[in-house]
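Shown next: protein_13.txt, containing compact mmCIF, C-alpha atoms.
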# COMPACT_ATOMS: atom_id res chain seq x y z
CA MET J 1 -32.02 -13.45 -18.56
CA THR J 2 -29.85 -16.25 -19.81
CA ALA J 3 -28.75 -19.12 -17.65
CA PRO J 4 -25.73 -18.43 -15.45
CA ASP J 5 -22.53 -19.23 -17.25
CA PRO J 6 -19.58 -19.45 -14.86
CA ASP J 7 -16.98 -19.40 -17.61
CA ARG J 8 -18.47 -16.35 -19.26
CA ASP J 9 -18.82 -14.47 -15.96
CA LEU J 10 -15.27 -15.16 -14.85
CA GLY J 11 -13.95 -14.56 -18.34
CA THR J 12 -15.61 -11.16 -18.50
CA ALA J 13 -14.56 -10.16 -15.01
CA ALA J 14 -10.96 -11.22 -15.63
CA GLU J 15 -10.82 -9.50 -19.00
CA ARG J 16 -11.98 -6.22 -17.44
CA LEU J 17 -9.17 -6.49 -14.88
CA ALA J 18 -6.59 -7.32 -17.54
CA ARG J 19 -7.61 -4.12 -19.30
CA GLY J 20 -7.52 -2.07 -16.12
CA ARG J 21 -11.26 -1.46 -16.04
CA ALA J 22 -13.52 -1.33 -13.03
CA ALA J 23 -15.63 -4.31 -12.10
CA HIS J 24 -19.01 -4.17 -13.76
CA PRO J 25 -21.59 -3.30 -11.10
CA ALA J 26 -24.48 -4.61 -13.17
CA ARG J 27 -22.78 -7.90 -13.91
CA PRO J 28 -21.97 -9.41 -10.56
CA GLY J 29 -19.96 -12.52 -10.97
CA ALA J 30 -22.22 -14.62 -8.80
CA ALA J 31 -21.99 -17.51 -11.22
CA GLY J 32 -18.26 -17.10 -11.63
CA ASP J 33 -15.43 -18.16 -9.41
CA PRO J 34 -14.77 -15.65 -6.62
CA GLN J 35 -11.34 -17.03 -5.78
CA ALA J 36 -10.17 -17.01 -9.39
CA HIS J 37 -11.52 -13.48 -9.74
CA LEU J 38 -9.71 -12.39 -6.59
CA LEU J 39 -6.45 -13.82 -7.93
CA ALA J 40 -6.92 -11.88 -11.17
CA ALA J 41 -7.54 -8.76 -9.08
CA ALA J 42 -4.43 -9.32 -6.98
CA LEU J 43 -2.32 -9.70 -10.13
CA ALA J 44 -3.82 -6.75 -11.97
CA GLY J 45 -3.69 -4.73 -8.76
CA ARG J 46 0.02 -5.26 -8.47
CA ARG J 47 0.47 -3.77 -11.89
CA ALA J 48 -1.88 -0.88 -11.06
CA ALA J 49 0.01 -0.21 -7.84
CA SER J 50 3.27 0.07 -9.73
CA ASP J 51 1.72 2.80 -11.86
CA GLY J 52 1.43 5.00 -8.78
CA VAL J 53 -1.54 6.89 -7.45
CA PRO J 54 -3.86 8.41 -10.06
CA PRO J 55 -3.52 12.21 -9.89
CA ARG J 56 -7.27 12.67 -9.94
CA LEU J 57 -7.60 10.72 -6.72
CA ARG J 58 -5.73 13.45 -4.94
CA GLN J 59 -8.07 16.11 -6.28
CA ARG J 60 -11.00 14.02 -5.26
CA LEU J 61 -9.69 13.59 -1.74
CA ASP J 62 -8.88 17.30 -1.54
CA ARG J 63 -12.49 18.12 -2.16
CA LEU J 64 -13.84 15.37 -0.04
CA ILE J 65 -11.79 16.23 2.99
CA ALA J 66 -12.19 19.97 2.69
CA GLY J 67 -15.93 19.63 2.32
CA GLU J 68 -16.34 17.12 5.09
CA LEU J 69 -14.15 18.96 7.55
CA ASP J 70 -15.85 22.23 6.89
CA ALA J 71 -19.20 20.60 7.36
CA ARG J 72 -18.13 19.04 10.61
CA LEU J 73 -16.33 22.05 11.99
CA GLY J 74 -18.88 24.60 10.85
CA VAL J 75 -16.31 26.94 9.36
CA ALA J 76 -17.74 27.22 5.87
CA PRO J 77 -20.84 26.58 3.83
CA VAL J 78 -21.86 23.01 4.24
CA ALA J 79 -21.06 20.93 1.19
CA ARG J 80 -23.75 18.51 0.24
CA ILE J 81 -22.04 15.21 -0.13
CA PRO J 82 -24.55 12.40 -0.52
CA ALA J 83 -24.63 9.75 2.15
CA GLY J 84 -22.13 7.13 1.17
CA GLY J 85 -20.00 9.61 -0.68
CA LEU J 86 -19.65 10.22 -4.35
CA THR J 87 -18.87 7.60 -6.89
CA ARG J 88 -16.16 8.10 -9.42
CA ARG J 89 -18.78 8.67 -12.05
CA GLN J 90 -20.38 11.47 -10.08
CA TRP J 91 -17.05 13.16 -9.69
CA LEU J 92 -16.30 12.90 -13.35
CA THR J 93 -19.65 14.37 -14.28
CA GLY J 94 -21.56 17.35 -13.06
CA ALA J 95 -22.51 16.09 -9.65
CA GLY J 96 -18.94 16.18 -8.48
CA ALA J 97 -18.37 19.63 -9.86
CA ALA J 98 -21.52 20.88 -8.20
CA VAL J 99 -20.46 19.57 -4.84
CA ALA J 100 -16.97 20.90 -5.31
CA ALA J 101 -18.39 24.31 -6.11
CA GLY J 102 -20.32 24.21 -2.86
CA VAL J 103 -17.11 23.89 -0.93
CA ALA J 104 -15.57 27.24 -0.17
CA GLY J 105 -12.64 27.52 -2.53
CA ALA J 106 -10.47 29.32 -0.03
CA ALA J 107 -10.92 26.57 2.50
CA VAL J 108 -9.25 24.05 0.25
CA GLY J 109 -6.17 26.19 -0.12
CA ASP J 110 -5.95 27.00 3.58
CA LEU J 111 -6.53 23.54 4.75
CA LEU J 112 -4.31 21.39 2.66
CA PRO J 113 -0.61 21.67 2.03
CA ARG J 114 0.10 22.09 -1.64
CA ARG J 115 2.61 19.31 -1.65
CA PRO J 116 2.40 16.81 1.13
CA ALA J 117 5.80 16.09 2.54
CA PRO J 118 6.80 12.44 2.78
CA ALA J 119 7.34 11.07 6.23
CA GLU J 120 10.56 12.70 7.38
CA GLN J 121 11.13 10.35 10.21
CA ALA J 122 12.57 7.01 9.22
CA SER J 123 10.63 4.19 10.80
CA GLU J 124 12.59 1.53 12.58
CA LEU J 125 12.02 -2.05 11.52
CA VAL J 126 11.99 -4.02 14.75
CA PRO J 127 10.87 -7.65 14.40
CA SER J 128 8.56 -8.65 17.22
CA ALA J 129 10.50 -11.89 17.66
CA GLY J 130 13.93 -10.57 16.85
CA VAL J 131 17.25 -12.31 16.95
CA TRP J 132 20.66 -10.68 16.72
CA ARG J 133 22.71 -11.84 13.78
CA ALA J 134 26.32 -11.09 13.11
CA ILE J 135 26.76 -9.39 9.75
CA ALA J 136 30.30 -8.15 9.32
CA PRO J 137 33.24 -6.62 11.15
CA ALA J 138 32.60 -2.93 11.72
CA ALA J 139 35.85 -2.16 9.92
CA ALA J 140 34.43 -3.69 6.74
CA VAL J 141 31.76 -1.00 6.52
CA ARG J 142 33.36 1.74 4.48
CA PRO J 143 31.82 5.17 4.03
CA GLU J 144 32.00 5.10 0.26
CA ARG J 145 30.69 1.60 -0.16
CA PRO J 146 27.63 0.33 1.72
CA LEU J 147 27.64 -3.34 2.57
CA PRO J 148 24.52 -5.26 1.52
CA PHE J 149 23.39 -8.27 3.50
CA VAL J 150 20.56 -10.74 3.84
CA ALA J 151 19.97 -11.98 7.36
CA GLY J 152 16.99 -14.16 8.06
CA ALA J 153 13.91 -12.38 6.80
CA VAL J 154 15.66 -9.04 6.52
CA THR J 155 17.37 -7.68 3.42
CA GLY J 156 19.46 -4.71 4.39
CA VAL J 157 22.59 -2.72 3.97
CA LEU J 158 25.21 -1.43 6.39
CA VAL J 159 26.27 2.17 5.91
CA ARG J 160 28.30 4.79 7.74
CA ASP J 161 26.57 8.03 8.54
CA GLY J 162 28.02 11.52 8.41
CA GLN J 163 29.68 11.04 11.78
CA GLY J 164 31.22 7.74 10.76
CA ARG J 165 28.82 5.66 12.83
CA VAL J 166 27.59 2.35 11.46
CA ARG J 167 23.89 2.21 10.60
CA ALA J 168 21.72 -0.46 9.07
CA LEU J 169 18.92 0.24 6.63
CA SER J 170 16.36 -1.96 4.98
CA ALA J 171 17.34 -2.39 1.34
CA ILE J 172 13.73 -2.78 0.24
CA CYS J 173 12.33 0.13 -1.72
CA THR J 174 9.40 1.72 0.09
CA HIS J 175 7.53 2.06 -3.18
CA LEU J 176 6.75 -1.52 -4.13
CA GLY J 177 9.33 -3.69 -2.50
CA CYS J 178 12.14 -4.20 -4.99
CA ARG J 179 15.63 -4.42 -3.64
CA VAL J 180 17.59 -1.20 -4.00
CA ALA J 181 21.19 -1.17 -5.19
CA TRP J 182 23.96 1.27 -4.41
CA ALA J 183 24.92 3.48 -7.33
CA ALA J 184 28.45 4.65 -6.65
CA ALA J 185 28.34 7.31 -9.36
CA SER J 186 25.42 9.16 -7.80
CA GLN J 187 26.17 8.05 -4.22
CA ALA J 188 22.58 6.95 -3.79
CA PHE J 189 20.47 3.82 -3.51
CA VAL J 190 18.50 3.30 -6.68
CA CYS J 191 15.53 1.01 -7.07
CA PRO J 192 15.79 -1.09 -10.22
CA CYS J 193 12.03 -1.33 -10.64
CA HIS J 194 10.87 2.26 -10.95
CA GLY J 195 13.98 4.32 -10.35
CA ALA J 196 13.25 5.71 -6.89
CA ARG J 197 16.40 7.09 -5.26
CA PHE J 198 17.36 7.19 -1.61
CA SER J 199 20.29 8.96 -0.02
CA ALA J 200 22.99 7.10 1.87
CA SER J 201 21.02 7.83 5.04
CA GLY J 202 17.91 6.27 3.50
CA ARG J 203 15.97 9.44 2.80
CA PHE J 204 13.85 9.55 -0.34
CA ALA J 205 15.80 11.56 -2.89
CA GLY J 206 13.55 11.68 -5.91
CA ALA J 207 12.14 9.47 -8.61
CA PRO J 208 11.47 9.62 -12.32
CA TRP J 209 7.77 10.12 -11.67
CA GLY J 210 8.60 13.49 -10.08
CA ALA J 211 6.39 15.42 -7.74
CA GLY J 212 3.12 13.98 -8.97
CA TYR J 213 3.32 11.06 -6.65
CA LEU J 214 1.36 11.53 -3.50
CA GLY J 215 3.74 12.68 -0.85
CA GLY J 216 6.91 11.10 -2.17
CA LEU J 217 8.09 7.95 -0.48
CA PRO J 218 8.91 7.14 3.12
CA PRO J 219 12.60 6.70 3.91
CA LEU J 220 14.18 3.26 3.96
CA PRO J 221 13.37 1.86 7.41
CA ARG J 222 16.26 1.66 9.84
CA LEU J 223 17.27 -1.59 11.40
CA ARG J 224 18.45 -1.92 14.95
CA ILE J 225 22.12 -2.79 15.32
CA ARG J 226 24.69 -3.35 18.02
CA ILE J 227 28.45 -3.70 17.93
CA THR J 228 29.92 -6.58 19.88
CA GLY J 229 33.07 -6.43 21.99
CA ASP J 230 35.11 -7.80 19.14
CA ARG J 231 33.78 -5.13 16.77
CA ILE J 232 31.27 -7.24 14.89
CA VAL J 233 28.13 -5.53 13.67
CA GLU J 234 24.99 -7.43 14.61
CA VAL J 235 21.54 -6.63 13.25
CA LEU J 236 18.24 -7.40 14.92
CA THR J 237 16.37 -9.51 12.42
CA ALA J 238 13.62 -12.07 12.28
CA VAL J 239 14.38 -15.74 11.89
CA MET A 1 34.49 4.18 18.97
CA PRO A 2 31.51 4.59 21.22
CA GLY A 3 29.39 6.09 18.46
CA ASP A 4 29.51 2.76 16.69
CA ARG A 5 26.91 1.48 19.03
CA GLY A 6 24.28 2.80 16.65
CA SER A 7 20.65 2.56 17.64
CA ALA A 8 19.76 1.59 21.15
CA SER A 9 19.99 -2.10 21.75
CA GLY A 10 18.15 -4.19 24.27
CA PRO A 11 14.76 -5.85 24.34
CA VAL A 12 12.32 -5.43 21.55
CA PRO A 13 9.65 -2.88 22.34
CA ALA A 14 7.37 -1.38 19.75
CA VAL A 15 8.99 1.73 18.38
CA GLY A 16 7.04 4.20 16.34
CA GLY A 17 9.42 7.07 15.99
CA THR A 18 8.39 10.48 17.17
CA ARG A 19 5.20 11.73 15.68
CA PRO A 20 3.38 14.94 16.31
CA GLY A 21 0.76 14.29 18.90
CA ALA A 22 1.82 10.70 19.35
CA ASP A 23 2.47 11.30 23.00
CA GLY A 24 -0.85 12.98 23.66
CA ASP A 25 -4.27 11.66 24.48
CA PRO A 26 -6.76 10.83 21.78
CA VAL A 27 -8.30 13.96 20.35
CA GLY A 28 -12.02 14.35 20.86
CA VAL A 29 -14.41 15.51 18.20
CA GLU A 30 -14.83 18.83 19.95
CA ASP A 31 -11.16 19.70 19.61
CA ALA A 32 -11.73 21.05 16.14
CA PRO A 33 -8.38 22.58 15.17
CA GLU A 34 -6.44 19.61 16.43
CA ARG A 35 -8.73 17.13 14.75
CA ARG A 36 -8.45 19.05 11.52
CA ARG A 37 -4.68 19.01 11.76
CA ILE A 38 -4.52 15.29 12.41
CA LEU A 39 -6.90 14.37 9.63
CA THR A 40 -5.18 16.63 7.15
CA ALA A 41 -1.80 15.21 8.03
CA ALA A 42 -3.10 11.67 7.88
CA TYR A 43 -4.61 12.29 4.50
CA SER A 44 -1.36 13.66 3.11
CA SER A 45 0.78 10.85 4.36
CA GLU A 46 -1.61 7.92 4.16
CA ALA A 47 -3.58 8.32 0.94
CA ALA A 48 -0.94 6.63 -1.18
CA ALA A 49 -0.56 3.77 1.27
CA ILE A 50 -4.32 3.22 1.44
CA TYR A 51 -4.64 3.36 -2.33
CA HIS A 52 -1.88 0.81 -2.77
CA TYR A 53 -3.39 -1.48 -0.20
CA VAL A 54 -6.80 -1.26 -1.83
CA VAL A 55 -5.73 -1.56 -5.46
CA ARG A 56 -3.80 -4.72 -4.68
CA ARG A 57 -7.09 -6.21 -3.53
CA VAL A 58 -9.68 -4.89 -5.96
CA GLY A 59 -7.49 -4.87 -9.06
CA SER A 60 -8.60 -1.83 -11.02
CA PRO A 61 -7.50 1.77 -10.44
CA ALA A 62 -11.04 3.07 -10.80
CA ASP A 63 -12.49 0.74 -8.16
CA ALA A 64 -9.51 1.43 -5.92
CA GLU A 65 -10.15 5.17 -6.18
CA ASP A 66 -13.74 4.71 -5.11
CA CYS A 67 -12.71 2.51 -2.21
CA THR A 68 -9.98 4.91 -1.10
CA ALA A 69 -12.33 7.88 -1.14
CA GLU A 70 -14.93 5.87 0.76
CA THR A 71 -12.32 4.94 3.36
CA PHE A 72 -11.44 8.56 4.07
CA LEU A 73 -15.06 9.60 4.08
CA ARG A 74 -15.86 7.06 6.76
CA ALA A 75 -12.82 8.06 8.77
CA LEU A 76 -13.90 11.68 8.62
CA ARG A 77 -17.46 10.92 9.56
CA GLY A 78 -16.53 8.60 12.35
CA HIS A 79 -17.26 9.86 15.80
CA GLN A 80 -14.63 7.87 17.60
CA ALA A 81 -11.93 9.74 19.43
CA LEU A 82 -8.96 10.21 17.18
CA ASP A 83 -5.64 8.92 18.40
CA PRO A 84 -2.97 10.52 16.25
CA ALA A 85 -0.65 7.59 16.79
CA ARG A 86 -3.19 5.15 15.42
CA VAL A 87 -4.68 6.94 12.45
CA ARG A 88 -3.10 4.51 10.04
CA GLY A 89 -4.45 1.52 11.90
CA LEU A 90 -7.92 3.05 11.83
CA LEU A 91 -7.69 3.85 8.11
CA PHE A 92 -6.57 0.35 7.24
CA THR A 93 -9.28 -1.21 9.33
CA ILE A 94 -11.83 0.84 7.42
CA ALA A 95 -10.14 0.12 4.07
CA ARG A 96 -10.30 -3.58 4.75
CA ALA A 97 -14.03 -3.37 5.40
CA VAL A 98 -14.57 -1.30 2.27
CA VAL A 99 -12.69 -3.87 0.17
CA ALA A 100 -14.78 -6.65 1.69
CA GLU A 101 -17.94 -4.75 0.76
CA HIS A 102 -16.69 -4.29 -2.78
CA TRP A 103 -16.37 -8.04 -3.16
CA ALA A 104 -19.59 -8.73 -1.36
CA ARG A 105 -21.38 -6.54 -3.92
CA LEU A 106 -19.90 -8.58 -6.76
CA TYR A 107 -20.68 -11.90 -5.16
CA SER A 108 -23.88 -11.29 -3.33
CA GLU A 109 -24.95 -14.90 -3.44
CA ALA A 110 -21.63 -16.51 -2.61
CA PRO A 111 -19.39 -16.17 0.41
CA SER A 112 -17.24 -13.09 -0.05
CA PRO A 113 -13.89 -14.18 -1.43
CA VAL A 114 -12.07 -11.82 0.89
CA GLU A 115 -13.70 -13.05 4.07
CA GLY A 116 -10.72 -13.53 6.33
CA LEU A 117 -8.28 -11.68 4.10
CA ASP A 118 -5.84 -9.65 6.18
CA ALA A 119 -7.59 -10.70 9.33
CA GLY A 120 -4.60 -9.41 11.24
CA ILE A 121 -5.69 -5.86 10.53
CA ARG A 122 -8.39 -5.20 12.98
CA ASP A 123 -9.32 -3.36 16.07
CA PRO A 124 -7.23 -0.18 16.00
CA THR A 125 -7.98 0.42 19.65
CA ALA A 126 -6.40 -2.85 20.73
CA PRO A 127 -3.50 -2.20 23.03
CA ALA A 128 -0.34 -2.26 20.97
CA GLY A 129 2.62 -0.15 20.09
CA PRO A 130 2.10 3.06 18.17
CA ASP A 131 3.44 1.49 15.00
CA ALA A 132 1.31 -1.63 15.30
CA GLY A 133 -0.87 -0.49 12.39
CA GLU A 134 2.12 -0.20 10.10
CA ARG A 135 3.42 -3.57 11.17
CA ARG A 136 0.12 -5.34 10.61
CA VAL A 137 -0.27 -3.82 7.16
CA GLU A 138 3.32 -4.66 6.27
CA LEU A 139 2.70 -8.27 7.26
CA ALA A 140 -0.55 -8.40 5.32
CA GLU A 141 1.18 -7.14 2.18
CA GLN A 142 3.97 -9.66 2.53
CA ALA A 143 1.49 -12.46 3.10
CA LEU A 144 -0.49 -11.55 -0.02
CA ASP A 145 2.72 -11.42 -2.07
CA ARG A 146 3.78 -14.82 -0.80
CA ARG A 147 0.45 -16.44 -1.56
CA VAL A 148 0.25 -14.97 -5.06
CA ALA A 149 3.81 -16.10 -5.76
CA ALA A 150 3.10 -19.57 -4.41
CA LEU A 151 0.04 -20.00 -6.61
CA LEU A 152 1.88 -18.77 -9.69
CA SER A 153 4.86 -20.98 -9.12
CA ALA A 154 2.65 -24.03 -8.78
CA LEU A 155 1.17 -23.53 -12.24
CA PRO A 156 2.38 -25.11 -15.48
CA ASP A 157 4.61 -22.75 -17.46
CA ASN A 158 2.10 -21.66 -20.07
CA TYR A 159 -0.58 -20.95 -17.46
CA ARG A 160 1.82 -18.88 -15.38
CA ARG A 161 3.05 -17.09 -18.46
CA VAL A 162 -0.39 -16.07 -19.67
CA LEU A 163 -1.30 -14.66 -16.25
CA GLU A 164 1.95 -12.74 -16.02
CA LEU A 165 1.59 -11.27 -19.48
CA ARG A 166 -2.06 -10.33 -19.24
CA PHE A 167 -2.37 -9.20 -15.63
CA LEU A 168 1.06 -8.29 -14.36
CA GLU A 169 2.42 -6.78 -17.56
CA GLY A 170 -0.87 -5.60 -19.00
CA CYS A 171 -0.29 -7.05 -22.47
CA SER A 172 -3.17 -7.13 -24.94
CA VAL A 173 -4.57 -10.41 -26.19
CA ARG A 174 -2.78 -9.96 -29.48
CA GLU A 175 0.58 -9.17 -27.89
CA THR A 176 0.22 -12.08 -25.50
CA ALA A 177 -0.55 -14.40 -28.40
CA LEU A 178 2.56 -13.23 -30.24
CA ARG A 179 4.82 -13.63 -27.26
CA MET A 180 3.45 -17.02 -26.34
CA GLU A 181 3.27 -18.20 -29.92
CA VAL A 182 -0.34 -19.26 -29.64
CA ARG A 183 -3.34 -18.15 -31.63
CA PRO A 184 -5.10 -15.05 -30.27
CA GLY A 185 -8.29 -17.06 -29.91
CA ASN A 186 -6.55 -19.30 -27.42
CA VAL A 187 -5.34 -16.56 -25.09
CA ARG A 188 -8.61 -15.95 -23.30
CA VAL A 189 -9.26 -19.67 -23.00
CA LEU A 190 -5.78 -20.13 -21.60
CA GLN A 191 -6.12 -17.31 -19.07
CA LEU A 192 -9.48 -18.61 -17.90
CA ARG A 193 -8.10 -22.09 -17.39
CA ALA A 194 -5.05 -20.69 -15.66
CA LEU A 195 -7.15 -18.68 -13.22
CA ARG A 196 -9.37 -21.64 -12.49
CA ARG A 197 -6.41 -23.94 -12.01
CA ALA A 198 -4.69 -21.47 -9.69
CA ALA A 199 -7.87 -20.97 -7.69
CA GLY A 200 -8.20 -24.73 -7.44
CA LEU A 201 -4.69 -25.02 -6.04
CA GLY A 202 -5.50 -22.96 -3.02
CA SER A 203 -6.93 -19.77 -1.71
CA LEU A 204 -5.29 -16.38 -1.49
CA LEU A 205 -6.53 -16.35 2.07
CA PRO A 206 -4.45 -17.56 4.97
Rewrite the structure from the file as structure tokens, please.
Amino acid sequence: MTAPDPDRDLGTAAERLARGRAAHPARPGAAGDPQAHLLAAALAGRRAASDGVPPRLRQRLDRLIAGELDARLGVAPVARIPAGGLTRRQWLTGAGAAVAAGVAGAAVGDLLPRRPAPAEQASELVPSAGVWRAIAPAAAVRPERPLPFVAGAVTGVLVRDGQGRVRALSAICTHLGCRVAWAAASQAFVCPCHGARFSASGRFAGAPWGAGYLGGLPPLPRLRIRITGDRIVEVLTAV
Amino acid sequence: MPGDRGSASGPVPAVGGTRPGADGDPVGVEDAPERRRILTAAYSSEAAAIYHYVVRRVGSPADAEDCTAETFLRALRGHQALDPARVRGLLFTIARAVVAEHWARLYSEAPSPVEGLDAGIRDPTAPAGPDAGERRVELAEQALDRRVAALLSALPDNYRRVLELRFLEGCSVRETALRMEVRPGNVRVLQLRALRRAAGLGSLLP
């Protein structure tokens, strides 16, 4: 065992993250710099998050949940999942396959929807210490051209819905937080970062990554609005 | 026109939207079909959110997969009553603990670097609105973004650049060297110094 070398430990740990590799379990970075390592992880993790959810994670969760539920509910042969669960390595090698085989195949199909639907219901973004801010005259919100705004902490857009009523949506993509822009040609909000599209009502309307993404994306959150007596649209936002 | 009034105005209560089961009582372990339905639905809608939360804090997809699977396993094995309106809060509370354990394993002899990270995400049974879990997670994500951005912006240009290229953009050492016009041998030295400098400027923790 050589003497602890903080530079080498941090250097190795950071290099693994830069290359998208898992932390080395046999090389704890005790001599390194935890905070510097955490920063490297936060940076590399942001990149990993933008790549979406690995498809094999879904398969792994399928098996895990089917097996565990069946075990708990007593509806099928009990899958033997070791205490503490399976590591990635076990899943990739025979142990995972053996456990998966122990789970009744039919149960997986019955239990889990083939394609999880994204949340249909738009959430409403309501700041806990909200203030009403005037955005624009209601007449300025035209059906064919949403009106973007930034008010306090909130970045949003005013739209008119199918009935001609004014609505406010968050303009922040529910994938990774880039600001969406209105594409007049396709009449949709498009995220410049990864191409997610949202309808004028904020509903997720597809993305270049297709159906592989777990459950699509939630809709753009709605913002609470009110119209003043002199026809000014105000949005509830945070300071 | 009256329809212009849009969403209801007034004070600022917690609003969670309508959710199946959100109005009901917590579901006990013995209510098997209902529990199955809730867990299955939660898995479908929450797995991506949990994965994203975790990967932003452990850094590598492989470790994040392990942590995500572990989170769901613990949720499934838990014997607490299941409140459909607070599944997300429960999952994130577990995910936070799993992330902390990941770091504790790597730094067994030092204080865990994530001690205190996202401390706002805690007791899912605390009285709060049905969407409190979402709100806490949203705030935690924003806070992490802000702190990362603040540390980066406080660095000298070449330090910030090397971190962006290597970690955010995933460039190889060689590519980074080309783009920064330094020798490849200097890239790893530069990134190490940059990480140490950033860590010395302040913590990612609140």
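One distance worth recording is that between atom CA of A:Glu181 and atom CA of A:Asn158, which is 10.5 Å.
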Counting only C-alpha atoms, which residues come within 6 Å of (14.8, -1.9, 15.9), with the point read in the file's coordinates, and could you list them as a PyMOL selection string? chain J and resi 124-126+223-224
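Between atom CA of J:Cys193 and atom CA of A:Ala140 the separation is 21.5 Å.
Going from atom CA of J:Ala48 to atom CA of J:Thr155 covers 25.0 Å.
Closest approach to chain J among A:Asp66, A:Glu141, A:Asp83, A:Glu101: A:Asp66, based on all atoms listed in the file.
Counting all atoms listed in the file, J:Ala18 has the following residues at most 9 Å away, ignoring those fewer than 3 positions along the same chain: Ala13, Ala14, Glu15, Arg21, Ala40, Ala41, Leu43 and Ala44 of chain J; Gly59, Ser60, Arg166, Phe167, Leu168, Gly170, Cys171 and Ser172 of chain A.
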Report the centre and edge lengths, in Å to one decimal, of an axis-aligned box enclosing every atom of stretch 123-135 of chain J listed in the file, padded by 6 Å on each side, as JSON.
{"center_x": 17.7, "center_y": -4.1, "center_z": 13.7, "size_x": 30.2, "size_y": 28.5, "size_z": 19.9}
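Of the listed residues A:Ile50, A:Leu151, A:Arg188, A:Leu144, the one whose atoms come nearest to A:Leu165 is A:Arg188, with distances taken using all atoms listed in the file.
Distances here use only C-alpha atoms; by that measure, the residue among A:Ala100, A:Leu152, A:Tyr107, A:Leu90 closest to chain J is A:Tyr107.
Minimum atom-to-atom distance to chain J, evaluated using only C-alpha atoms, belongs to A:Ala198 out of A:Ala198, A:Val87, A:Leu82, A:Ala42.
The residue that comes closest to chain J, out of A:Ala49, A:Val182, A:Leu192, A:Val98 and on the basis of all atoms listed in the file, is A:Leu192.
Of the listed residues J:Leu176, J:Val235, J:Leu10, J:Ala36, the one whose atoms come nearest to J:Pro137 is J:Val235, with distances taken using all atoms listed in the file.
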Show which residues sit within 8 Å of A:Thr68, as a PyMOL selection string. Count only C-alpha atoms, and ignore same-chain residues fewer than 3 positions away. chain A and resi 47+50-51+54+64-65+71-72+95
Polymer residues at most 10 Å from A:Arg197, all atoms listed in the file, same-chain spacing of 6 or more positions, as a PyMOL selection string: (chain J and resi 36) or (chain A and resi 151+154-156+159+191)
With C-alpha atoms retained, could you export that selection as a PDB file, keeping the file's coordinate frame?
ATOM      1  CA  ALA J  36     -10.170 -17.010  -9.390  1.00  0.00           C
TER       2      ALA J  36
ATOM      3  CA  LEU A 151       0.040 -20.000  -6.610  1.00  0.00           C
ATOM      4  CA  ALA A 154       2.650 -24.030  -8.780  1.00  0.00           C
ATOM      5  CA  LEU A 155       1.170 -23.530 -12.240  1.00  0.00           C
ATOM      6  CA  PRO A 156       2.380 -25.110 -15.480  1.00  0.00           C
ATOM      7  CA  TYR A 159      -0.580 -20.950 -17.460  1.00  0.00           C
ATOM      8  CA  GLN A 191      -6.120 -17.310 -19.070  1.00  0.00           C
TER       9      GLN A 191
END
